[in-house]
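File shown: protein-v7.csv. Contents: CSV, N, CA and C atoms.
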chain,number,residue,atom,x,y,z
A,32,MET,N,205.3,235.5,132.9
A,32,MET,CA,205.1,234.6,134.0
A,32,MET,C,204.9,233.2,133.4
A,33,SER,N,205.7,232.3,133.8
A,33,SER,CA,205.5,230.9,133.3
A,33,SER,C,205.0,230.0,134.4
A,34,VAL,N,203.9,229.3,134.1
A,34,VAL,CA,203.3,228.4,135.0
A,34,VAL,C,203.4,227.0,134.4
A,35,LEU,N,203.9,226.1,135.2
A,35,LEU,CA,204.0,224.7,134.9
A,35,LEU,C,202.9,223.9,135.7
A,36,THR,N,202.2,223.0,135.0
A,36,THR,CA,201.2,222.2,135.6
A,36,THR,C,201.6,220.8,135.6
A,37,ILE,N,201.7,220.2,136.8
A,37,ILE,CA,202.1,218.8,136.9
A,37,ILE,C,200.9,218.1,137.5
A,38,THR,N,200.4,217.1,136.7
A,38,THR,CA,199.2,216.3,137.2
A,38,THR,C,199.8,215.0,137.7
A,39,LEU,N,199.5,214.7,139.0
A,39,LEU,CA,199.9,213.5,139.6
A,39,LEU,C,199.4,212.3,138.9
A,40,GLY,N,200.3,211.3,138.6
A,40,GLY,CA,200.0,210.1,138.0
A,40,GLY,C,200.0,210.2,136.4
A,41,ASN,N,200.2,211.3,135.9
A,41,ASN,CA,200.2,211.5,134.4
A,41,ASN,C,201.5,211.0,133.9
A,42,PRO,N,201.5,209.9,133.0
A,42,PRO,CA,202.7,209.3,132.5
A,42,PRO,C,203.5,210.2,131.6
A,43,ASP,N,202.9,211.3,131.1
A,43,ASP,CA,203.6,212.2,130.2
A,43,ASP,C,204.0,213.5,131.0
A,44,SER,N,204.2,213.4,132.2
A,44,SER,CA,204.4,214.5,133.1
A,44,SER,C,205.8,214.9,133.2
A,45,TYR,N,206.1,215.8,134.1
A,45,TYR,CA,207.5,216.3,134.3
A,45,TYR,C,208.3,215.4,135.2
A,46,TYR,N,207.7,214.4,135.7
A,46,TYR,CA,208.4,213.5,136.6
A,46,TYR,C,208.0,212.0,136.3
A,47,GLU,N,208.8,211.1,136.9
A,47,GLU,CA,208.5,209.7,136.8
A,47,GLU,C,208.4,209.1,138.2
A,48,SER,N,207.7,208.0,138.3
A,48,SER,CA,207.7,207.3,139.6
A,48,SER,C,207.8,205.8,139.3
A,49,PHE,N,208.4,205.1,140.2
A,49,PHE,CA,208.5,203.7,140.1
A,49,PHE,C,208.6,203.1,141.5
A,50,ASP,N,208.4,201.8,141.6
A,50,ASP,CA,208.4,201.1,142.9
A,50,ASP,C,209.6,200.3,143.0
A,51,TYR,N,210.3,200.3,144.1
A,51,TYR,CA,211.4,199.4,144.4
A,51,TYR,C,210.8,198.0,144.7
A,52,PRO,N,211.6,197.0,144.7
A,52,PRO,CA,211.1,195.6,144.9
A,52,PRO,C,210.3,195.4,146.2
A,53,ALA,N,210.6,196.2,147.2
A,53,ALA,CA,209.9,196.0,148.5
A,53,ALA,C,208.6,196.8,148.5
A,54,GLY,N,208.3,197.6,147.4
A,54,GLY,CA,207.1,198.3,147.3
A,54,GLY,C,207.1,199.8,147.6
A,55,GLU,N,208.3,200.3,148.0
A,55,GLU,CA,208.4,201.8,148.2
A,55,GLU,C,208.4,202.5,146.9
A,56,THR,N,207.8,203.7,146.8
A,56,THR,CA,207.7,204.5,145.6
A,56,THR,C,208.9,205.4,145.6
A,57,GLN,N,209.5,205.6,144.4
A,57,GLN,CA,210.5,206.6,144.1
A,57,GLN,C,210.0,207.6,143.1
A,58,VAL,N,210.2,208.9,143.4
A,58,VAL,CA,209.8,210.0,142.4
A,58,VAL,C,211.0,210.7,142.0
A,59,ARG,N,211.1,211.0,140.7
A,59,ARG,CA,212.2,211.7,140.2
A,59,ARG,C,211.8,212.7,139.1
A,60,ILE,N,212.2,213.9,139.2
A,60,ILE,CA,212.0,214.9,138.2
A,60,ILE,C,212.8,214.5,137.0
A,61,LYS,N,212.1,214.5,135.8
A,61,LYS,CA,212.8,214.1,134.6
A,61,LYS,C,213.9,215.2,134.3
A,62,PRO,N,215.1,214.8,134.0
A,62,PRO,CA,216.2,215.7,133.8
A,62,PRO,C,215.9,216.8,132.7
A,63,GLU,N,215.2,216.5,131.7
A,63,GLU,CA,214.9,217.5,130.7
A,63,GLU,C,214.0,218.6,131.1
A,64,TRP,N,213.3,218.4,132.3
A,64,TRP,CA,212.4,219.5,132.8
A,64,TRP,C,213.0,220.2,134.0
A,65,VAL,N,214.1,219.8,134.5
A,65,VAL,CA,214.7,220.5,135.8
A,65,VAL,C,214.8,222.0,135.6
A,66,GLN,N,215.4,222.4,134.5
A,66,GLN,CA,215.7,223.8,134.3
A,66,GLN,C,214.3,224.6,134.2
A,67,ASP,N,213.4,224.0,133.5
A,67,ASP,CA,212.1,224.7,133.3
A,67,ASP,C,211.4,224.9,134.7
A,68,ILE,N,211.5,223.8,135.5
A,68,ILE,CA,210.9,223.9,136.8
A,68,ILE,C,211.6,224.9,137.7
A,69,LYS,N,212.9,225.0,137.6
A,69,LYS,CA,213.7,225.9,138.4
A,69,LYS,C,213.3,227.4,138.1
A,70,THR,N,213.0,227.6,136.8
A,70,THR,CA,212.8,229.0,136.4
A,70,THR,C,211.3,229.4,136.3
A,71,ALA,N,210.4,228.4,136.5
A,71,ALA,CA,208.9,228.7,136.5
A,71,ALA,C,208.6,229.7,137.6
A,72,SER,N,207.7,230.6,137.3
A,72,SER,CA,207.2,231.5,138.3
A,72,SER,C,206.2,230.8,139.3
A,73,GLU,N,205.5,229.8,138.7
A,73,GLU,CA,204.6,229.0,139.6
A,73,GLU,C,204.6,227.6,139.1
A,74,ILE,N,204.4,226.7,140.0
A,74,ILE,CA,204.3,225.3,139.7
A,74,ILE,C,203.0,224.9,140.3
A,75,HIS,N,202.1,224.3,139.5
A,75,HIS,CA,200.8,223.8,140.0
A,75,HIS,C,200.8,222.3,140.0
A,76,VAL,N,200.6,221.7,141.1
A,76,VAL,CA,200.5,220.3,141.2
A,76,VAL,C,199.1,219.9,141.5
A,77,ILE,N,198.5,219.1,140.6
A,77,ILE,CA,197.1,218.7,140.7
A,77,ILE,C,197.1,217.2,141.1
A,78,CYS,N,196.4,216.9,142.2
A,78,CYS,CA,196.2,215.5,142.6
A,78,CYS,C,194.7,215.3,142.8
A,79,THR,N,194.2,214.4,142.0
A,79,THR,CA,192.8,214.1,142.1
A,79,THR,C,192.4,212.8,142.9
A,80,GLY,N,193.5,212.0,143.2
A,80,GLY,CA,193.2,210.8,143.9
A,80,GLY,C,193.4,211.0,145.4
A,81,ALA,N,192.7,210.2,146.2
A,81,ALA,CA,192.7,210.3,147.7
A,81,ALA,C,193.2,209.0,148.2
A,82,TYR,N,193.9,208.2,147.4
A,82,TYR,CA,194.3,206.9,147.8
A,82,TYR,C,195.7,207.0,148.5
A,83,ALA,N,196.0,206.0,149.2
A,83,ALA,CA,197.3,206.0,150.0
A,83,ALA,C,198.5,206.2,149.1
A,84,ARG,N,198.5,205.6,147.9
A,84,ARG,CA,199.6,205.7,147.0
A,84,ARG,C,199.7,207.2,146.5
A,85,SER,N,198.5,207.8,146.2
A,85,SER,CA,198.5,209.2,145.7
A,85,SER,C,199.1,210.1,146.8
A,86,VAL,N,198.8,209.9,148.0
A,86,VAL,CA,199.3,210.7,149.1
A,86,VAL,C,200.8,210.6,149.2
A,87,ILE,N,201.3,209.4,149.2
A,87,ILE,CA,202.8,209.2,149.2
A,87,ILE,C,203.4,209.8,148.0
A,88,GLU,N,202.9,209.5,146.8
A,88,GLU,CA,203.5,210.1,145.6
A,88,GLU,C,203.5,211.6,145.6
A,89,LEU,N,202.4,212.2,146.1
A,89,LEU,CA,202.3,213.7,146.2
A,89,LEU,C,203.4,214.2,147.1
A,90,THR,N,203.5,213.6,148.3
A,90,THR,CA,204.5,214.0,149.3
A,90,THR,C,205.9,213.9,148.7
A,91,LEU,N,206.2,212.8,148.0
A,91,LEU,CA,207.5,212.6,147.4
A,91,LEU,C,207.8,213.6,146.3
A,92,LEU,N,206.7,213.9,145.5
A,92,LEU,CA,206.9,214.9,144.4
A,92,LEU,C,207.2,216.3,145.0
A,93,LEU,N,206.5,216.6,146.1
A,93,LEU,CA,206.8,217.9,146.8
A,93,LEU,C,208.2,218.0,147.2
A,94,ASP,N,208.7,216.9,147.8
A,94,ASP,CA,210.1,216.8,148.3
A,94,ASP,C,211.0,217.0,147.1
A,95,ALA,N,210.8,216.3,146.0
A,95,ALA,CA,211.6,216.4,144.8
A,95,ALA,C,211.6,217.9,144.3
A,96,LEU,N,210.5,218.5,144.2
A,96,LEU,CA,210.4,219.9,143.7
A,96,LEU,C,211.1,220.8,144.7
A,97,ASN,N,210.9,220.6,146.0
A,97,ASN,CA,211.5,221.5,147.0
A,97,ASN,C,213.0,221.2,147.1
A,98,GLY,N,213.5,220.1,146.6
A,98,GLY,CA,214.9,219.8,146.6
A,98,GLY,C,215.7,220.5,145.4
A,99,LEU,N,214.9,221.1,144.5
A,99,LEU,CA,215.5,221.9,143.4
A,99,LEU,C,215.7,223.4,143.9
A,100,ASP,N,216.7,224.0,143.3
A,100,ASP,CA,216.9,225.4,143.6
A,100,ASP,C,216.0,226.2,142.7
A,101,ARG,N,214.8,226.4,143.2
A,101,ARG,CA,213.8,227.1,142.4
A,101,ARG,C,213.2,228.3,143.2
A,102,SER,N,212.6,229.2,142.5
A,102,SER,CA,212.1,230.4,143.2
A,102,SER,C,210.6,230.6,143.0
A,103,GLY,N,210.0,229.8,142.1
A,103,GLY,CA,208.6,230.0,141.9
A,103,GLY,C,207.7,229.5,143.0
A,104,LYS,N,206.5,230.0,143.1
A,104,LYS,CA,205.5,229.5,144.0
A,104,LYS,C,205.1,228.1,143.7
A,105,LEU,N,204.8,227.3,144.8
A,105,LEU,CA,204.3,226.0,144.6
A,105,LEU,C,202.9,225.9,145.1
A,106,VAL,N,202.0,225.6,144.2
A,106,VAL,CA,200.5,225.5,144.5
A,106,VAL,C,200.0,224.1,144.3
A,107,VAL,N,199.4,223.6,145.4
A,107,VAL,CA,198.9,222.2,145.3
A,107,VAL,C,197.4,222.3,145.2
A,108,PHE,N,196.8,221.6,144.2
A,108,PHE,CA,195.4,221.5,144.0
A,108,PHE,C,194.9,220.2,144.4
A,109,LEU,N,194.1,220.1,145.4
A,109,LEU,CA,193.4,218.9,145.8
A,109,LEU,C,191.9,219.1,145.8
A,110,PRO,N,191.3,218.8,144.7
A,110,PRO,CA,189.8,219.1,144.6
A,110,PRO,C,189.1,218.5,145.8
A,111,TYR,N,189.5,217.3,146.2
A,111,TYR,CA,188.9,216.7,147.4
A,111,TYR,C,190.1,216.6,148.4
A,112,LEU,N,189.9,217.1,149.6
A,112,LEU,CA,191.0,217.1,150.6
A,112,LEU,C,190.9,215.8,151.3
A,113,PRO,N,191.9,214.9,151.0
A,113,PRO,CA,191.9,213.6,151.7
A,113,PRO,C,191.9,213.7,153.2
A,114,TYR,N,191.2,212.8,153.8
A,114,TYR,CA,191.1,212.6,155.3
A,114,TYR,C,190.4,213.8,156.0
A,115,SER,N,189.7,214.6,155.2
A,115,SER,CA,189.1,215.7,155.8
A,115,SER,C,187.8,215.3,156.6
A,116,ARG,N,187.3,214.1,156.4
A,116,ARG,CA,186.2,213.7,157.2
A,116,ARG,C,186.5,213.5,158.6
A,117,ALA,N,187.8,213.2,158.9
A,117,ALA,CA,188.3,213.1,160.3
A,117,ALA,C,188.9,214.5,160.6
A,118,ASP,N,188.0,215.5,160.7
A,118,ASP,CA,188.4,216.9,160.9
A,118,ASP,C,188.4,217.3,162.4
A,119,ARG,N,188.3,216.3,163.2
A,119,ARG,CA,188.4,216.5,164.7
A,119,ARG,C,188.5,215.1,165.3
A,120,ARG,N,188.7,215.1,166.6
A,120,ARG,CA,188.7,213.8,167.3
A,120,ARG,C,187.2,213.6,167.8
A,121,PHE,N,186.5,212.7,167.3
A,121,PHE,CA,185.1,212.6,167.6
A,121,PHE,C,184.9,212.0,169.0
A,122,THR,N,185.8,211.0,169.4
A,122,THR,CA,185.7,210.4,170.7
A,122,THR,C,187.1,210.2,171.2
A,123,GLU,N,187.3,210.0,172.4
A,123,GLU,CA,188.6,209.7,173.0
A,123,GLU,C,189.2,208.5,172.3
A,124,GLY,N,190.5,208.6,171.8
A,124,GLY,CA,191.2,207.6,171.1
A,124,GLY,C,191.1,207.7,169.6
A,125,ASP,N,190.3,208.6,169.1
A,125,ASP,CA,190.3,208.8,167.6
A,125,ASP,C,191.5,209.5,167.1
A,126,CYS,N,191.8,209.3,165.8
A,126,CYS,CA,192.9,210.0,165.2
A,126,CYS,C,192.2,211.3,164.6
A,127,PHE,N,193.1,212.3,164.4
A,127,PHE,CA,192.7,213.6,163.7
A,127,PHE,C,193.3,213.5,162.3
A,128,GLY,N,192.6,212.8,161.4
A,128,GLY,CA,193.1,212.4,160.1
A,128,GLY,C,193.5,213.6,159.3
A,129,LYS,N,192.7,214.7,159.3
A,129,LYS,CA,193.0,215.8,158.4
A,129,LYS,C,194.3,216.5,158.9
A,130,ASP,N,194.5,216.6,160.2
A,130,ASP,CA,195.7,217.2,160.7
A,130,ASP,C,197.0,216.3,160.3
A,131,VAL,N,196.8,215.0,160.5
A,131,VAL,CA,197.9,214.1,160.1
A,131,VAL,C,198.2,214.2,158.6
A,132,PHE,N,197.2,214.3,157.8
A,132,PHE,CA,197.4,214.4,156.3
A,132,PHE,C,198.2,215.7,156.0
A,133,LEU,N,197.8,216.8,156.6
A,133,LEU,CA,198.5,218.1,156.3
A,133,LEU,C,199.9,218.0,156.8
A,134,ASN,N,200.2,217.4,157.9
A,134,ASN,CA,201.5,217.2,158.4
A,134,ASN,C,202.4,216.4,157.5
A,135,ILE,N,201.7,215.4,156.9
A,135,ILE,CA,202.4,214.5,155.9
A,135,ILE,C,202.8,215.4,154.7
A,136,LEU,N,201.9,216.2,154.2
A,136,LEU,CA,202.3,217.1,153.1
A,136,LEU,C,203.4,218.1,153.4
A,137,ASP,N,203.4,218.6,154.7
A,137,ASP,CA,204.5,219.4,155.1
A,137,ASP,C,205.8,218.7,155.2
A,138,ALA,N,205.8,217.4,155.4
A,138,ALA,CA,207.0,216.6,155.5
A,138,ALA,C,207.7,216.6,154.1
A,139,GLY,N,206.9,216.8,153.0
A,139,GLY,CA,207.5,216.9,151.7
A,139,GLY,C,208.2,218.2,151.4
A,140,GLY,N,208.2,219.1,152.4
A,140,GLY,CA,208.9,220.4,152.2
A,140,GLY,C,207.9,221.5,152.1
A,141,GLY,N,206.6,221.1,152.1
A,141,GLY,CA,205.5,222.1,152.1
A,141,GLY,C,205.2,222.7,150.8
A,142,TYR,N,204.4,223.7,150.8
A,142,TYR,CA,203.9,224.3,149.6
A,142,TYR,C,203.5,225.8,149.9
A,143,ASP,N,203.3,226.6,148.9
A,143,ASP,CA,203.0,228.0,149.2
A,143,ASP,C,201.5,228.2,149.4
A,144,TYR,N,200.7,227.4,148.6
A,144,TYR,CA,199.2,227.5,148.6
A,144,TYR,C,198.6,226.1,148.4
A,145,LEU,N,197.6,225.8,149.2
A,145,LEU,CA,196.8,224.6,149.0
A,145,LEU,C,195.4,225.0,148.6
A,146,VAL,N,194.9,224.5,147.4
A,146,VAL,CA,193.6,224.9,146.9
A,146,VAL,C,192.8,223.6,147.0
A,147,THR,N,191.6,223.7,147.6
A,147,THR,CA,190.7,222.5,147.7
A,147,THR,C,189.3,223.0,147.6
A,148,PHE,N,188.4,222.1,147.2
A,148,PHE,CA,187.0,222.5,147.0
A,148,PHE,C,186.1,221.7,147.8
A,149,ASP,N,186.5,220.6,148.3
A,149,ASP,CA,185.7,219.7,149.1
A,149,ASP,C,186.4,219.3,150.4
A,150,MET,N,186.1,220.0,151.5
A,150,MET,CA,186.7,219.8,152.8
A,150,MET,C,185.7,219.3,153.8
A,151,HIS,N,184.8,218.4,153.4
A,151,HIS,CA,183.8,217.8,154.3
A,151,HIS,C,183.0,218.8,155.2
A,152,SER,N,183.7,219.6,156.0
A,152,SER,CA,183.1,220.6,156.8
A,152,SER,C,184.1,221.7,157.1
A,153,GLY,N,183.6,222.8,157.8
A,153,GLY,CA,184.5,223.9,158.1
A,153,GLY,C,185.2,223.7,159.5
A,154,GLN,N,184.9,222.5,160.1
A,154,GLN,CA,185.5,222.3,161.4
A,154,GLN,C,187.0,222.1,161.3
A,155,GLY,N,187.8,222.9,162.2
A,155,GLY,CA,189.2,222.7,162.3
A,155,GLY,C,190.0,223.1,161.1
A,156,ASN,N,189.5,224.1,160.3
A,156,ASN,CA,190.2,224.6,159.1
A,156,ASN,C,191.0,225.8,159.3
A,157,ASP,N,191.2,226.2,160.5
A,157,ASP,CA,192.0,227.4,160.8
A,157,ASP,C,193.4,227.3,160.2
A,158,GLU,N,194.0,226.1,160.3
A,158,GLU,CA,195.4,225.9,159.8
A,158,GLU,C,195.5,226.0,158.3
A,159,LEU,N,194.4,225.9,157.6
A,159,LEU,CA,194.4,226.1,156.2
A,159,LEU,C,194.4,227.5,155.7
A,160,ILE,N,194.0,228.4,156.6
A,160,ILE,CA,193.8,229.8,156.3
A,160,ILE,C,194.9,230.6,157.0
A,161,ASN,N,195.9,231.0,156.2
A,161,ASN,CA,197.0,231.8,156.8
A,161,ASN,C,197.1,233.2,156.2
Representation of the structure as structure tokens:
Amino acid sequence: MSVLTITLGNPDSYYESFDYPAGETQVRIKPEWVQDIKTASEIHVICTGAYARSVIELTLLLDALNGLDRSGKLVVFLPYLPYSRADRRFTEGDCFGKDVFLNILDAGGGYDYLVTFDMHSGQGNDELIN
């Protein structure tokens, strides 16, 4: 069983990211790692940041990984689950931040497992347990 661990933002990682002149981020799997990623039994993606750039980079990385013809499980580790403080609509007109964040991750093609340790509260976590 081969497990690859990709740490978001690590410059010596399996991918590179850069910004276009207008500020959009591009993520690309490094060519020398494509075959290893395709044949790995599991890919662990670790994201320790909860910043807007980290969220976008993570989503784009998931899309890049899901765009490869790979068969291994994709496991995302988010020690702190971003936007989990907005785990419900507190008053009329509020956003449901945690739900929006999870939908954004799904837009990247999804993942097999999401592992997190800090989810503010247990409110509204049914969608995390499948």
> Counting only N, CA and C atoms, what is within 8 Å of segment 49-64 of chain A, bar same-chain residues fewer than 3 positions away, as a PyMOL selection string?
Replying inline: chain A and resi 44-46+67-70+87-88+91-92+95-96
> Expressed in Å to a single decimal, how great is the separation between atom C of Thr147 of chain A and atom N of Val76 of chain A?
Replying inline: 13.1 Å
>> Just list as a ChimeraX atom specification whatever in segment 42-159 of chain A DSSP marks as alpha helix (DSSP H).
In response: /A:65-70,83-97,128-138
>> What's the separation between atom CA of Thr79 of chain A and atom CA of Pro110 of chain A, in Å to one decimal place?
In response: 6.3 Å
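The interatomic distance for the pair atom CA of Asp100 of chain A and atom C of Val65 of chain A works out to 8.9 Å.
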Taking (203.0, 228.1, 135.9) in the file's coordinates as the center, which residues reach within 6.5 Å of it, counting all atoms listed in the file, put as a short mmCIF file (atom, residue, chain, number, x, y, z; two decimals) with N, CA and C atoms, in the coordinates of the input?
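The result, written out as result-v7.cif:
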data_model
loop_
_atom_site.label_atom_id
_atom_site.label_comp_id
_atom_site.auth_asym_id
_atom_site.auth_seq_id
_atom_site.Cartn_x
_atom_site.Cartn_y
_atom_site.Cartn_z
N MET A 32 205.30 235.50 132.90
CA MET A 32 205.10 234.60 134.00
C MET A 32 204.90 233.20 133.40
N SER A 33 205.70 232.30 133.80
CA SER A 33 205.50 230.90 133.30
C SER A 33 205.00 230.00 134.40
N VAL A 34 203.90 229.30 134.10
CA VAL A 34 203.30 228.40 135.00
C VAL A 34 203.40 227.00 134.40
N LEU A 35 203.90 226.10 135.20
CA LEU A 35 204.00 224.70 134.90
C LEU A 35 202.90 223.90 135.70
N THR A 36 202.20 223.00 135.00
CA THR A 36 201.20 222.20 135.60
C THR A 36 201.60 220.80 135.60
N ALA A 71 210.40 228.40 136.50
CA ALA A 71 208.90 228.70 136.50
C ALA A 71 208.60 229.70 137.60
N SER A 72 207.70 230.60 137.30
CA SER A 72 207.20 231.50 138.30
C SER A 72 206.20 230.80 139.30
N GLU A 73 205.50 229.80 138.70
CA GLU A 73 204.60 229.00 139.60
C GLU A 73 204.60 227.60 139.10
N ILE A 74 204.40 226.70 140.00
CA ILE A 74 204.30 225.30 139.70
C ILE A 74 203.00 224.90 140.30
N HIS A 75 202.10 224.30 139.50
CA HIS A 75 200.80 223.80 140.00
C HIS A 75 200.80 222.30 140.00
#
> Which polymer residues have any atom within 9 Å of an atom of Ile135 of chain A, counting only C-alpha atoms, with same-chain residues fewer than 5 positions away left out, as a count of residues only?
Replying inline: 4
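Minimum atom-to-atom distance to Phe108 of chain A, evaluated using all atoms listed in the file, belongs to A:Cys78 out of A:Phe148, A:Asp94, A:Ala138, A:Cys78.
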Where atoms are absent from segment 56-65 of chain A, fill them in so it carries all heavy atoms, then output it as a PDB file, in the frame of the given file.
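Saved file rebuild.pdb follows:
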ATOM      1  N   THR A  56     207.800 203.700 146.800  1.00  0.00           N
ATOM      2  CA  THR A  56     207.700 204.500 145.600  1.00  0.00           C
ATOM      3  C   THR A  56     208.900 205.400 145.600  1.00  0.00           C
ATOM      4  O   THR A  56     209.294 206.010 146.593  1.00  0.00           O
ATOM      5  CB  THR A  56     206.403 205.276 145.611  1.00  0.00           C
ATOM      6  OG1 THR A  56     205.314 204.343 145.660  1.00  0.00           O
ATOM      7  CG2 THR A  56     206.273 206.138 144.381  1.00  0.00           C
ATOM      8  N   GLN A  57     209.500 205.600 144.400  1.00  0.00           N
ATOM      9  CA  GLN A  57     210.500 206.600 144.100  1.00  0.00           C
ATOM     10  C   GLN A  57     210.000 207.600 143.100  1.00  0.00           C
ATOM     11  O   GLN A  57     209.306 207.228 142.158  1.00  0.00           O
ATOM     12  CB  GLN A  57     211.756 205.949 143.583  1.00  0.00           C
ATOM     13  CG  GLN A  57     212.826 206.889 143.078  1.00  0.00           C
ATOM     14  CD  GLN A  57     213.526 207.649 144.188  1.00  0.00           C
ATOM     15  OE1 GLN A  57     213.461 207.279 145.360  1.00  0.00           O
ATOM     16  NE2 GLN A  57     214.189 208.725 143.841  1.00  0.00           N
ATOM     17  N   VAL A  58     210.200 208.900 143.400  1.00  0.00           N
ATOM     18  CA  VAL A  58     209.800 210.000 142.400  1.00  0.00           C
ATOM     19  C   VAL A  58     211.000 210.700 142.000  1.00  0.00           C
ATOM     20  O   VAL A  58     211.867 211.033 142.833  1.00  0.00           O
ATOM     21  CB  VAL A  58     208.754 210.914 143.133  1.00  0.00           C
ATOM     22  CG1 VAL A  58     208.526 212.156 142.300  1.00  0.00           C
ATOM     23  CG2 VAL A  58     207.432 210.199 143.380  1.00  0.00           C
ATOM     24  N   ARG A  59     211.100 211.000 140.700  1.00  0.00           N
ATOM     25  CA  ARG A  59     212.200 211.700 140.200  1.00  0.00           C
ATOM     26  C   ARG A  59     211.800 212.700 139.100  1.00  0.00           C
ATOM     27  O   ARG A  59     211.022 212.332 138.196  1.00  0.00           O
ATOM     28  CB  ARG A  59     213.193 210.688 139.541  1.00  0.00           C
ATOM     29  CG  ARG A  59     214.423 211.282 138.906  1.00  0.00           C
ATOM     30  CD  ARG A  59     215.359 210.198 138.377  1.00  0.00           C
ATOM     31  NE  ARG A  59     215.855 209.424 139.508  1.00  0.00           N
ATOM     32  CZ  ARG A  59     215.974 208.085 139.503  1.00  0.00           C
ATOM     33  NH1 ARG A  59     215.664 207.389 138.441  1.00  0.00           N
ATOM     34  NH2 ARG A  59     216.428 207.465 140.571  1.00  0.00           N
ATOM     35  N   ILE A  60     212.200 213.900 139.200  1.00  0.00           N
ATOM     36  CA  ILE A  60     212.000 214.900 138.200  1.00  0.00           C
ATOM     37  C   ILE A  60     212.800 214.500 137.000  1.00  0.00           C
ATOM     38  O   ILE A  60     213.940 214.161 137.051  1.00  0.00           O
ATOM     39  CB  ILE A  60     212.394 216.331 138.638  1.00  0.00           C
ATOM     40  CG1 ILE A  60     211.704 216.736 139.947  1.00  0.00           C
ATOM     41  CG2 ILE A  60     212.154 217.350 137.533  1.00  0.00           C
ATOM     42  CD1 ILE A  60     210.204 216.820 139.890  1.00  0.00           C
ATOM     43  N   LYS A  61     212.100 214.500 135.800  1.00  0.00           N
ATOM     44  CA  LYS A  61     212.800 214.100 134.600  1.00  0.00           C
ATOM     45  C   LYS A  61     213.900 215.200 134.300  1.00  0.00           C
ATOM     46  O   LYS A  61     213.595 216.410 134.334  1.00  0.00           O
ATOM     47  CB  LYS A  61     211.833 214.030 133.406  1.00  0.00           C
ATOM     48  CG  LYS A  61     210.874 212.859 133.553  1.00  0.00           C
ATOM     49  CD  LYS A  61     209.904 212.791 132.389  1.00  0.00           C
ATOM     50  CE  LYS A  61     208.962 211.615 132.530  1.00  0.00           C
ATOM     51  NZ  LYS A  61     207.951 211.587 131.449  1.00  0.00           N
ATOM     52  N   PRO A  62     215.100 214.800 134.000  1.00  0.00           N
ATOM     53  CA  PRO A  62     216.200 215.700 133.800  1.00  0.00           C
ATOM     54  C   PRO A  62     215.900 216.800 132.700  1.00  0.00           C
ATOM     55  O   PRO A  62     216.338 217.958 132.925  1.00  0.00           O
ATOM     56  CB  PRO A  62     217.371 214.834 133.294  1.00  0.00           C
ATOM     57  CG  PRO A  62     217.043 213.465 133.768  1.00  0.00           C
ATOM     58  CD  PRO A  62     215.545 213.373 133.795  1.00  0.00           C
ATOM     59  N   GLU A  63     215.200 216.500 131.700  1.00  0.00           N
ATOM     60  CA  GLU A  63     214.900 217.500 130.700  1.00  0.00           C
ATOM     61  C   GLU A  63     214.000 218.600 131.100  1.00  0.00           C
ATOM     62  O   GLU A  63     213.836 219.622 130.462  1.00  0.00           O
ATOM     63  CB  GLU A  63     214.350 216.821 129.398  1.00  0.00           C
ATOM     64  CG  GLU A  63     213.016 216.121 129.576  1.00  0.00           C
ATOM     65  CD  GLU A  63     213.130 214.632 129.922  1.00  0.00           C
ATOM     66  OE1 GLU A  63     214.156 214.211 130.485  1.00  0.00           O
ATOM     67  OE2 GLU A  63     212.164 213.902 129.644  1.00  0.00           O
ATOM     68  N   TRP A  64     213.300 218.400 132.300  1.00  0.00           N
ATOM     69  CA  TRP A  64     212.400 219.500 132.800  1.00  0.00           C
ATOM     70  C   TRP A  64     213.000 220.200 134.000  1.00  0.00           C
ATOM     71  O   TRP A  64     212.355 221.179 134.491  1.00  0.00           O
ATOM     72  CB  TRP A  64     211.090 218.816 133.206  1.00  0.00           C
ATOM     73  CG  TRP A  64     210.342 218.304 132.023  1.00  0.00           C
ATOM     74  CD1 TRP A  64     210.098 216.998 131.692  1.00  0.00           C
ATOM     75  CD2 TRP A  64     209.751 219.084 130.993  1.00  0.00           C
ATOM     76  NE1 TRP A  64     209.390 216.919 130.531  1.00  0.00           N
ATOM     77  CE2 TRP A  64     209.167 218.194 130.073  1.00  0.00           C
ATOM     78  CE3 TRP A  64     209.661 220.452 130.754  1.00  0.00           C
ATOM     79  CZ2 TRP A  64     208.505 218.629 128.933  1.00  0.00           C
ATOM     80  CZ3 TRP A  64     208.987 220.873 129.618  1.00  0.00           C
ATOM     81  CH2 TRP A  64     208.429 219.984 128.730  1.00  0.00           C
ATOM     82  N   VAL A  65     214.100 219.800 134.500  1.00  0.00           N
ATOM     83  CA  VAL A  65     214.700 220.500 135.800  1.00  0.00           C
ATOM     84  C   VAL A  65     214.800 222.000 135.600  1.00  0.00           C
ATOM     85  O   VAL A  65     214.382 222.748 136.422  1.00  0.00           O
ATOM     86  CB  VAL A  65     215.997 219.795 136.174  1.00  0.00           C
ATOM     87  CG1 VAL A  65     216.710 220.631 137.227  1.00  0.00           C
ATOM     88  CG2 VAL A  65     215.753 218.382 136.687  1.00  0.00           C
TER      89      VAL A  65
END
